[in-house]
>>> print(open('final_30.txt').read())   # compact mmCIF, C-alpha atoms
# COMPACT_ATOMS: atom_id res chain seq x y z
CA MET A 1 24.56 4.56 -2.02
CA THR A 2 26.03 6.62 0.80
CA PRO A 3 23.63 8.68 2.92
CA LEU A 4 25.08 11.90 1.51
CA ARG A 5 24.55 10.82 -2.11
CA PHE A 6 21.08 9.59 -1.28
CA TYR A 7 19.97 12.82 0.33
CA ILE A 8 21.45 14.89 -2.51
CA ALA A 9 19.58 12.73 -5.04
CA ARG A 10 16.40 13.15 -3.02
CA LEU A 11 16.87 16.91 -2.68
CA LEU A 12 17.51 17.32 -6.40
CA ARG A 13 14.70 14.90 -7.30
CA ASN A 14 17.15 12.80 -9.26
CA GLU A 15 14.70 10.08 -10.25
CA ASP A 16 17.22 8.05 -12.21
CA MET A 17 19.62 7.83 -9.29
CA LEU A 18 16.90 6.96 -6.78
CA ALA A 19 15.54 4.32 -9.16
CA THR A 20 18.82 2.41 -8.94
CA LEU A 21 17.86 1.49 -5.37
CA SER A 22 14.62 -0.18 -6.47
CA VAL A 23 14.00 -3.68 -7.75
CA ARG A 24 12.42 -3.75 -11.19
CA GLN A 25 8.64 -3.74 -11.26
CA SER A 26 8.72 -6.92 -13.34
CA ALA A 27 10.68 -8.70 -10.60
CA LEU A 28 8.27 -7.50 -7.91
CA LEU A 29 5.27 -8.69 -9.89
CA ALA A 30 6.91 -12.04 -10.65
CA ALA A 31 7.09 -12.70 -6.90
CA LEU A 32 3.27 -12.60 -6.81
CA LYS A 33 2.64 -15.23 -9.48
CA GLY A 34 0.11 -17.78 -8.31
CA LYS A 35 -0.08 -16.27 -4.81
CA THR A 36 -3.05 -15.29 -2.67
CA VAL A 37 -2.62 -11.74 -1.40
CA ALA A 38 -4.37 -9.86 1.41
CA LEU A 39 -4.22 -6.07 1.10
CA VAL A 40 -5.17 -4.58 4.46
CA GLY A 41 -6.47 -1.02 4.55
CA ASN A 42 -6.75 1.16 7.62
CA ALA A 43 -10.51 1.69 7.93
CA ARG A 44 -11.56 1.92 11.57
CA ALA A 45 -14.46 -0.47 11.03
CA LEU A 46 -12.10 -3.39 10.45
CA SER A 47 -11.41 -3.31 14.21
CA ASP A 48 -14.96 -4.47 14.87
CA GLY A 49 -14.50 -7.74 12.99
CA ASN A 50 -12.57 -10.97 13.37
CA LYS A 51 -10.76 -11.28 10.04
CA GLY A 52 -7.27 -11.59 11.53
CA ALA A 53 -6.73 -15.32 11.04
CA GLU A 54 -8.22 -15.12 7.54
CA ILE A 55 -5.84 -12.28 6.64
CA ASP A 56 -2.78 -14.15 7.93
CA ALA A 57 -3.77 -17.29 5.98
CA HIS A 58 -2.84 -15.59 2.69
CA ASP A 59 0.49 -16.26 1.00
CA ILE A 60 1.39 -12.57 1.18
CA VAL A 61 -0.01 -9.93 3.55
CA ILE A 62 0.42 -6.31 2.51
CA ARG A 63 -0.35 -3.42 4.84
CA ILE A 64 -0.42 0.32 4.30
CA ASN A 65 1.64 3.18 5.78
CA LEU A 66 1.85 2.90 9.58
CA ALA A 67 -0.25 -0.29 9.47
CA PRO A 68 -2.29 0.01 12.68
CA MET A 69 -3.09 -3.45 14.08
CA PRO A 70 -5.32 -3.01 17.14
CA SER A 71 -5.64 -6.75 17.71
CA PRO A 72 -4.60 -10.06 16.11
CA GLU A 73 -8.28 -11.06 16.00
CA SER A 74 -9.30 -8.14 13.79
CA HIS A 75 -6.14 -7.48 11.79
CA GLY A 76 -3.80 -10.47 11.99
CA THR A 77 -0.12 -10.11 12.75
CA ARG A 78 1.99 -10.55 9.60
CA THR A 79 3.31 -7.81 7.36
CA ASP A 80 5.16 -9.32 4.44
CA TRP A 81 5.11 -6.13 2.38
CA LEU A 82 4.42 -2.55 3.49
CA GLY A 83 3.07 -0.03 0.99
CA LEU A 84 4.45 3.26 2.23
CA ALA A 85 3.78 6.93 1.47
CA THR A 86 4.89 8.49 4.72
CA ARG A 87 7.94 8.54 6.95
CA LEU A 88 8.46 5.35 8.93
CA PRO A 89 9.75 6.12 12.45
CA ARG A 90 12.14 3.63 14.00
CA ALA A 91 9.61 2.50 16.62
CA GLU A 92 6.95 1.85 13.97
CA ARG A 93 9.42 -0.07 11.80
CA LYS A 94 10.26 -2.28 14.77
CA ARG A 95 6.59 -2.86 15.54
CA ILE A 96 5.53 -3.64 11.97
CA GLN A 97 8.68 -5.51 10.92
CA PRO A 98 7.88 -5.40 7.19
CA GLY A 99 9.59 -8.00 5.04
CA ARG A 100 9.69 -5.59 2.12
CA ILE A 101 8.94 -1.90 1.63
CA LEU A 102 7.14 -0.53 -1.42
CA TRP A 103 7.50 3.25 -1.71
CA MET A 104 4.25 4.25 -3.43
CA SER A 105 4.28 8.03 -2.98
CA HIS A 106 5.23 10.47 -5.71
CA LYS A 107 6.75 12.60 -2.94
CA ARG A 108 10.29 11.32 -2.86
CA LYS A 109 11.32 13.86 -0.19
CA ARG A 110 9.61 11.70 2.44
CA LEU A 111 11.64 8.59 1.56
CA ASP A 112 14.23 7.76 4.20
CA HIS A 113 17.65 6.23 3.65
CA ARG A 114 16.96 3.09 5.69
CA SER A 115 13.79 2.21 3.78
CA ALA A 116 15.42 2.89 0.42
CA HIS A 117 18.27 0.53 1.26
CA SER A 118 16.15 -2.24 2.76
CA GLN A 119 16.04 -5.73 1.27
CA GLY A 120 13.82 -5.93 -1.81
CA PHE A 121 12.98 -2.19 -1.79
CA TYR A 122 10.63 -1.05 -4.56
CA MET A 123 9.91 2.52 -5.70
CA HIS A 124 6.71 3.02 -7.69
CA PRO A 125 7.29 4.82 -11.02
CA LEU A 126 5.96 8.35 -11.32
CA GLU A 127 4.31 7.55 -14.64
CA ASP A 128 2.20 4.84 -12.99
CA TYR A 129 1.15 7.28 -10.27
CA GLU A 130 0.16 9.89 -12.86
CA ALA A 131 -1.81 7.37 -14.92
CA LEU A 132 -3.95 6.42 -11.94
CA ARG A 133 -4.37 10.04 -10.86
CA GLU A 134 -5.75 10.84 -14.30
CA LYS A 135 -8.10 7.85 -14.17
CA ILE A 136 -9.50 8.68 -10.71
CA GLY A 137 -9.39 12.44 -11.16
CA ALA A 138 -7.61 13.09 -7.86
CA GLN A 139 -4.52 12.11 -5.92
CA PRO A 140 -4.86 8.33 -5.47
CA THR A 141 -4.56 6.79 -2.04
CA THR A 142 -1.75 4.38 -1.26
CA GLY A 143 -4.36 1.63 -1.24
CA ALA A 144 -5.56 2.47 -4.75
CA LEU A 145 -2.00 2.57 -6.06
CA LEU A 146 -1.35 -0.85 -4.56
CA ILE A 147 -4.52 -2.35 -6.04
CA ALA A 148 -3.56 -1.14 -9.51
CA LEU A 149 -0.01 -2.42 -9.11
CA LEU A 150 -0.94 -5.84 -7.72
CA LEU A 151 -3.49 -6.54 -10.44
CA LYS A 152 -0.75 -6.12 -13.05
CA SER A 153 0.76 -9.35 -11.72
CA GLU A 154 -0.30 -12.95 -12.21
CA LEU A 155 -1.44 -13.36 -8.60
CA ALA A 156 -4.16 -15.94 -8.00
CA ARG A 157 -6.39 -13.81 -5.78
CA LEU A 158 -6.40 -10.35 -4.21
CA ASP A 159 -8.54 -9.83 -1.08
CA LEU A 160 -9.19 -6.31 0.18
CA TYR A 161 -9.76 -5.88 3.91
CA GLY A 162 -10.24 -2.60 5.76
CA PHE A 163 -11.45 -0.67 2.72
CA ASP A 164 -14.63 1.38 3.16
CA PHE A 165 -13.42 4.48 1.34
CA PHE A 166 -13.30 6.61 4.48
CA ALA A 167 -16.86 5.84 5.61
CA SER A 168 -15.52 4.97 9.08
CA LYS A 169 -12.44 7.20 8.74
CA SER A 170 -8.93 5.86 9.28
CA LEU A 171 -7.19 4.21 12.19
CA SER A 172 -4.13 6.25 11.22
CA GLY A 173 -5.54 9.62 12.25
CA SER A 174 -8.55 11.80 13.01
CA ARG A 175 -8.84 13.74 9.76
CA SER A 176 -12.16 13.90 7.93
CA ALA A 177 -12.64 13.21 4.22
CA ASP A 178 -12.55 16.93 3.37
CA GLN A 179 -9.14 17.25 5.05
CA VAL A 180 -7.34 14.78 2.79
CA PRO A 181 -6.48 15.22 -0.91
CA HIS A 182 -8.39 12.17 -2.17
CA ASP A 183 -11.72 11.57 -3.88
CA PHE A 184 -13.06 8.53 -2.06
CA GLY A 185 -16.25 8.43 -4.12
CA SER A 186 -14.25 8.12 -7.32
CA GLU A 187 -11.98 5.49 -5.80
CA ALA A 188 -14.98 3.45 -4.63
CA GLU A 189 -16.51 3.63 -8.12
CA TRP A 190 -13.18 2.63 -9.67
CA VAL A 191 -12.81 -0.38 -7.35
CA GLU A 192 -16.39 -1.51 -8.02
CA GLY A 193 -15.63 -1.39 -11.73
CA LEU A 194 -12.52 -3.48 -11.21
CA ILE A 195 -14.47 -6.05 -9.17
CA ALA A 196 -17.03 -6.39 -11.95
CA ALA A 197 -14.31 -7.00 -14.54
CA GLU A 198 -11.65 -8.83 -12.51
CA PRO A 199 -12.61 -12.20 -10.92
CA ARG A 200 -9.39 -12.30 -8.88
CA LEU A 201 -10.36 -9.19 -6.90
CA HIS A 202 -12.57 -9.50 -3.81
CA LEU A 203 -13.66 -6.72 -1.45
CA HIS A 204 -14.58 -7.86 2.06
CA ARG A 205 -17.23 -5.33 2.91
CA LEU A 206 -17.08 -4.08 6.47
CA GLY A 207 -20.00 -4.90 8.71
CA SER A 208 -21.10 -7.81 6.56
>>> encode(input="final_30.txt", output="structure tokens")
Amino acid sequence: MTPLRFYIARLLRNEDMLATLSVRQSALLAALKGKTVALVGNARALSDGNKGAEIDAHDIVIRINLAPMPSPESHGTRTDWLGLATRLPRAERKRIQPGRILWMSHKRKRLDHRSAHSQGFYMHPLEDYEALREKIGAQPTTGALLIALLLKSELARLDLYGFDFFASKSLSGSRSADQVPHDFGSEAEWVEGLIAAEPRLHLHRLGS
């Protein structure tokens, strides 16, 4: 799709046209079959640990948005997939070097032409976003959207690192919990419920 057609489709919120740029969800999920997956959140407290080598030992490493990685010791180095809900500046793209981009945001106006035309690009369906929003009762975080998506696959194991539901705030910025449109208490309760019911899901609690 030419840049002009892309930006017109984005401006007009032409979901059908934008969806032609995305791989099918079934194909994305098939790529996870039997794999161990590390989903790395952006909680500041992860910087105090030494989980980097453990994270990189997974078959697939997925990071979120601008994927801050203060050190290889705490965060590892690989980014196989990047779950994105914000603009990705050129310098950040070069630093992160994601193997595949998953556009998780319902806000299509933030999606850039380069990401949308990258190899293996995936755009999360609006109906899936709305279903999780209804379940949590607030706008879900990119991390929550990814957890719900990944557990639809036949992956072998999903490990969550850097998730403390904003207790230590985010490495991505200085905002407080009341300055973001998410309900972290509800998300934490939802994840705990998933852990109790889903043996493939493991939360590596920070500080433990």
>>> closest_residue(input="final_30.txt", among="A:Glu134, A:Glu92, A:Asp128, A:Glu198", to="A:Leu66", atoms="only C-alpha atoms")
A:Glu92
>>> closest_residue(input="final_30.txt", among="A:Ser22, A:Gln119, A:Thr86, A:Thr142", to="A:Phe165", atoms="all atoms listed in the file")
A:Thr142
>>> atom_distance(input="final_30.txt", atom1="atom CA of A:Arg63", atom2="atom CA of A:Glu127")
22.8 Å
>>> residues_around(input="final_30.txt", residues="stretch 53-59 of chain A", least_positions_apart="4", cutoff="6 Å", atoms="only C-alpha atoms", output="PyMOL selection string")
chain A and resi 35-38+76
>>> atom_distance(input="final_30.txt", atom1="atom CA of A:Gly41", atom2="atom CA of A:Arg108")
22.1 Å
>>> closest_residue(input="final_30.txt", among="A:Lys152, A:Arg205, A:Lys169, A:Arg10", to="A:Leu32", atoms="only C-alpha atoms")
A:Lys152
>>> atom_distance(input="final_30.txt", atom1="atom CA of A:His202", atom2="atom CA of A:Asp159")
4.9 Å
>>> closest_residue(input="final_30.txt", among="A:Ala27, A:Leu84, A:Leu146, A:Leu203", to="A:Ser105", atoms="only C-alpha atoms")
A:Leu84
